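Below is one structure, written out as structure tokens; the observations come after it.
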Amino acid sequence: MDSIAGIVADLDSLPEEFSVEALCDVIKVEWIEEALRQTGRGSQRERRMPAPLALWLVVLLALFRRHSYTNLLHLLAESLWARRHWPERAPPSSSALTQARDRLGPEPVRRLFDRSSKAFLDEVPGLRLGGLRLMAMDGSTGRTPDCEANEAHFGRPGSSRGRSAYPMLRMVTLLDLGTRLTVDTRFGPYRTGEVTLARSLLEGVPMDALVVMDRNFAAYELLWDLHQGRGAHFVVRVKRNMKSRTVRRISRSERIVRIRIPRAVRRHRPDLPCTWDLREVTCRPRPGHEAIRLFTSMLDPTQVSAEEIAGAYGQRWGQETAFDETKTHLLGHSTVNQPVLFRSKTPRRVEQELYGVFLAHNVVRMLLFRAAPAAELSPLRLSFVVALERVREAVRDMAALPTARLPERYARLLAALTRV
């Protein structure tokens, strides 16, 4: 609340700056300026669509996915900023928005996403196990509009009835399980392997993280680079063909094992050892279900028990919840009514849009964390779906309100988020 009051003063002293008042307590105005300055994308002359506005619009395009470009610009036409800069409240055309997005490019949005995600992780505690922050790494896909540029860059998946209807990208994300914030993401053409994308994602993994992964990521090079190269720990489901030899049995459900790294892998990675000692935990997700094997780099059972390791793997489903929040609720994605996840018609715009989507999701999640303490509730108990509609309403309202009334409207937004 004190932050919003300070923003009111800033807005009054900087009437030429565009900002989304409902969100600028989470996305700081200085982060916008920093992202534009670092990438050299600041507006060189006065435009009806200056660079800060274009950057905010990328986030709003995700937050208001059901709005066309034209409708989103008409929504902003009621704002105080637009009344000063758009004569007779006539917003620019949708093609002007496209041109502004192209001038901006994807890099400032990526810089803003990186800057904000690091700040968010510092602000909220998350879940910890054995002193390590619990995170998950998983992959997903997204359809893009059917156009030549997207097809040439992303490609199409195979289909038993010919080619797929839409070009598709593949992405891997790193999620903080205690907050459901997206920490980092990498994406590429559909035929790019998840392990390849995951290896390029390692630089974004905090050194104090315990990363939970499904068996698709049980690759020797990836696990070695995550633990030995990055200094983080992992829990991963074991593939059926990964064999191990018992070194020491700890209990009925856990043992220290020695795995042999195949010669073919070491031929490409001579820095890898011939063998590697890990801890194996056997568990059943539910009674009556098939037992699964987990490998972890956390060898000391006094630091983290076998039950805690199994519980950490169960927390991985928080990643699926975050994907559902993003795809189903934020973007309104379904295979019938909304066949494409992204609506941009060039690869660079798709990249820009992707980072805008994860920014929008993180902003809603952070508003839930800001709201929860006053109601003495866990932020994960609060409804993302409810929050999304309340945030959209506040964006509309606060854009048109005098600056003196913004703190009161922001307080009502936070209170509305806690009504479960």
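The chains in the structure tokens are called A, B, ... from first to last as shown; in each chain the residues are counted from 1, and the ligands are counted from 1 in the order shown.
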
List every residue of region 261-308 of chain A that DSSP, applied to the backbone of this structure, assigns to helix (DSSP H, G or I), and report them as a PyMOL selection string.
chain A and resi 263-268+306-308

Would you give me, as a VMD selection string, the residues in region 201-323 of chain A that DSSP reads as strand (DSSP E)?
chain A and resid 209 to 213 233 to 237 245 to 251 254 to 260 275 to 283 292 to 296

Write to file, as a short mmCIF file (atom, residue, chain, number, x, y, z; two decimals), in the first residue's frame, the residues of the selection just made, with C-alpha atoms.
```cif
data_model
loop_
_atom_site.label_atom_id
_atom_site.label_comp_id
_atom_site.auth_asym_id
_atom_site.auth_seq_id
_atom_site.Cartn_x
_atom_site.Cartn_y
_atom_site.Cartn_z
CA ALA A 209 17.51 -25.38 -5.61
CA LEU A 210 16.22 -28.95 -5.45
CA VAL A 211 14.80 -29.55 -8.93
CA VAL A 212 12.10 -32.21 -9.39
CA MET A 213 11.79 -33.77 -12.85
CA HIS A 233 20.34 -30.94 -6.46
CA PHE A 234 17.70 -33.04 -8.21
CA VAL A 235 15.00 -35.66 -7.77
CA VAL A 236 14.16 -37.47 -11.01
CA ARG A 237 12.06 -40.48 -11.92
CA ARG A 245 24.11 -51.63 -8.68
CA THR A 246 23.60 -51.49 -4.91
CA VAL A 247 26.49 -49.96 -2.99
CA ARG A 248 24.78 -49.73 0.38
CA ARG A 249 21.21 -50.37 1.48
CA ILE A 250 19.76 -47.73 3.80
CA SER A 251 16.26 -49.14 4.34
CA GLU A 254 16.13 -46.64 -0.29
CA ARG A 255 19.73 -47.44 -1.13
CA ILE A 256 22.93 -45.88 -2.41
CA VAL A 257 23.46 -47.12 -5.95
CA ARG A 258 26.19 -46.88 -8.55
CA ILE A 259 25.16 -46.17 -12.12
CA ARG A 260 27.42 -46.65 -15.10
CA THR A 275 30.35 -44.34 -12.72
CA TRP A 276 28.30 -42.12 -10.44
CA ASP A 277 26.90 -42.83 -6.97
CA LEU A 278 23.33 -41.68 -6.35
CA ARG A 279 20.56 -42.40 -3.89
CA GLU A 280 17.60 -44.43 -5.10
CA VAL A 281 14.18 -44.20 -3.43
CA THR A 282 11.33 -46.56 -4.30
CA CYS A 283 7.77 -45.40 -3.65
CA ILE A 292 8.38 -46.05 -9.16
CA ARG A 293 12.09 -45.45 -8.69
CA LEU A 294 13.59 -42.04 -8.02
CA PHE A 295 17.21 -40.94 -8.23
CA THR A 296 18.42 -38.04 -6.13
#
```

Tell me which protein, DNA and RNA residues are within 10 Å of region 264-273 of chain A, counting only C-alpha atoms, leaving out same-chain ones fewer than 6 positions away, and put them as a list in words.
Ala219, Tyr220, Glu221, Trp224 and Asp225 of chain A

List as a list in words the protein and nucleic acid residues near region 324-334 of chain A, meaning an atom at most 8 Å away when only C-alpha atoms are counted, but skip any in the same chain fewer than 6 places from it.
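Answer for this query is Ala62, Leu63, Arg65, Arg66, Val340, Leu341, Val357, Phe358, His361, Phe384, Val385 and Leu388 of chain A.
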
Selected residue, from A:Ser93, A:Thr179, A:Ser305, A:Thr141, that lies nearest to Arg370 (chain A) when counting only C-alpha atoms:
A:Thr179

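The neighbours of Ala371 (chain A) here are the residues that come within 7 Å of it, using only C-alpha atoms and leaving out any residue fewer than 5 positions away in the same chain; they are A:Leu414, A:Ala415, A:Leu417, A:Thr418.
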
Nearest to Gln99 (chain A) among A:Leu413, A:Leu36, A:Ala400, A:Ala54, with distances taken over only C-alpha atoms: which residue is it?
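Among the listed residues, the smallest separation from Gln99 (chain A) belongs to A:Ala54.
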
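The gap separating CA of Arg37 (chain A) from CA of Val109 (chain A) is 12.1 Å, in Å to one decimal.
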
Nearby residues (only C-alpha atoms) at most 6 Å from region 215-217 of chain A, same-chain spacing under 6 positions excluded, as an MDAnalysis selection string:
chainID A and resid 195 237:239

Nearest-residue call for Cys24 (chain A), choices A:Arg156, A:Thr144, A:Val395, A:Arg405, using only C-alpha atoms:
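Among the listed residues, A:Val395 lies closest to Cys24 (chain A).
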
Hey, what's within 10 Å of Cys147 (chain A) if we count only C-alpha atoms and toss same-chain stuff fewer than 5 positions away? As number ranges by chain, please?
A: 152, 166-167, 344-346

How would the residues just chosen look if you wrote them out with C-alpha atoms as a PDB file, in the first residue's frame?
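See part-v5.pdb below for the written result:
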```pdb
ATOM      1  CA  ALA A 152       9.600 -22.362 -41.409  1.00  0.00           C
ATOM      2  CA  TYR A 166      -0.622 -25.679 -36.981  1.00  0.00           C
ATOM      3  CA  PRO A 167       3.083 -24.977 -36.472  1.00  0.00           C
ATOM      4  CA  SER A 344       1.643 -13.883 -33.263  1.00  0.00           C
ATOM      5  CA  LYS A 345       2.481 -14.448 -36.922  1.00  0.00           C
ATOM      6  CA  THR A 346       6.288 -14.195 -36.834  1.00  0.00           C
TER       7      THR A 346
END
```

Taking into account only C-alpha atoms, which residue in the set A:Arg392, A:Asn150, A:Leu169, A:Leu132 is nearest to Gln303 (chain A)?
A:Leu132

Selected residue of minimal separation from Ile309 (chain A) among A:Leu380, A:Ala51, A:Met135, A:Leu129, counting only C-alpha atoms
A:Leu129

Minimum-distance residue to Glu389 (chain A), chosen among A:Arg101, A:Thr302, A:Pro373, A:Val364 (using only C-alpha atoms)
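Closest to Glu389 (chain A) of all the choices is A:Val364.
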
Please, what distance in Å, to one decimal, runs between CA of Thr98 (chain A) and CA of Glu151 (chain A)?
19.8 Å
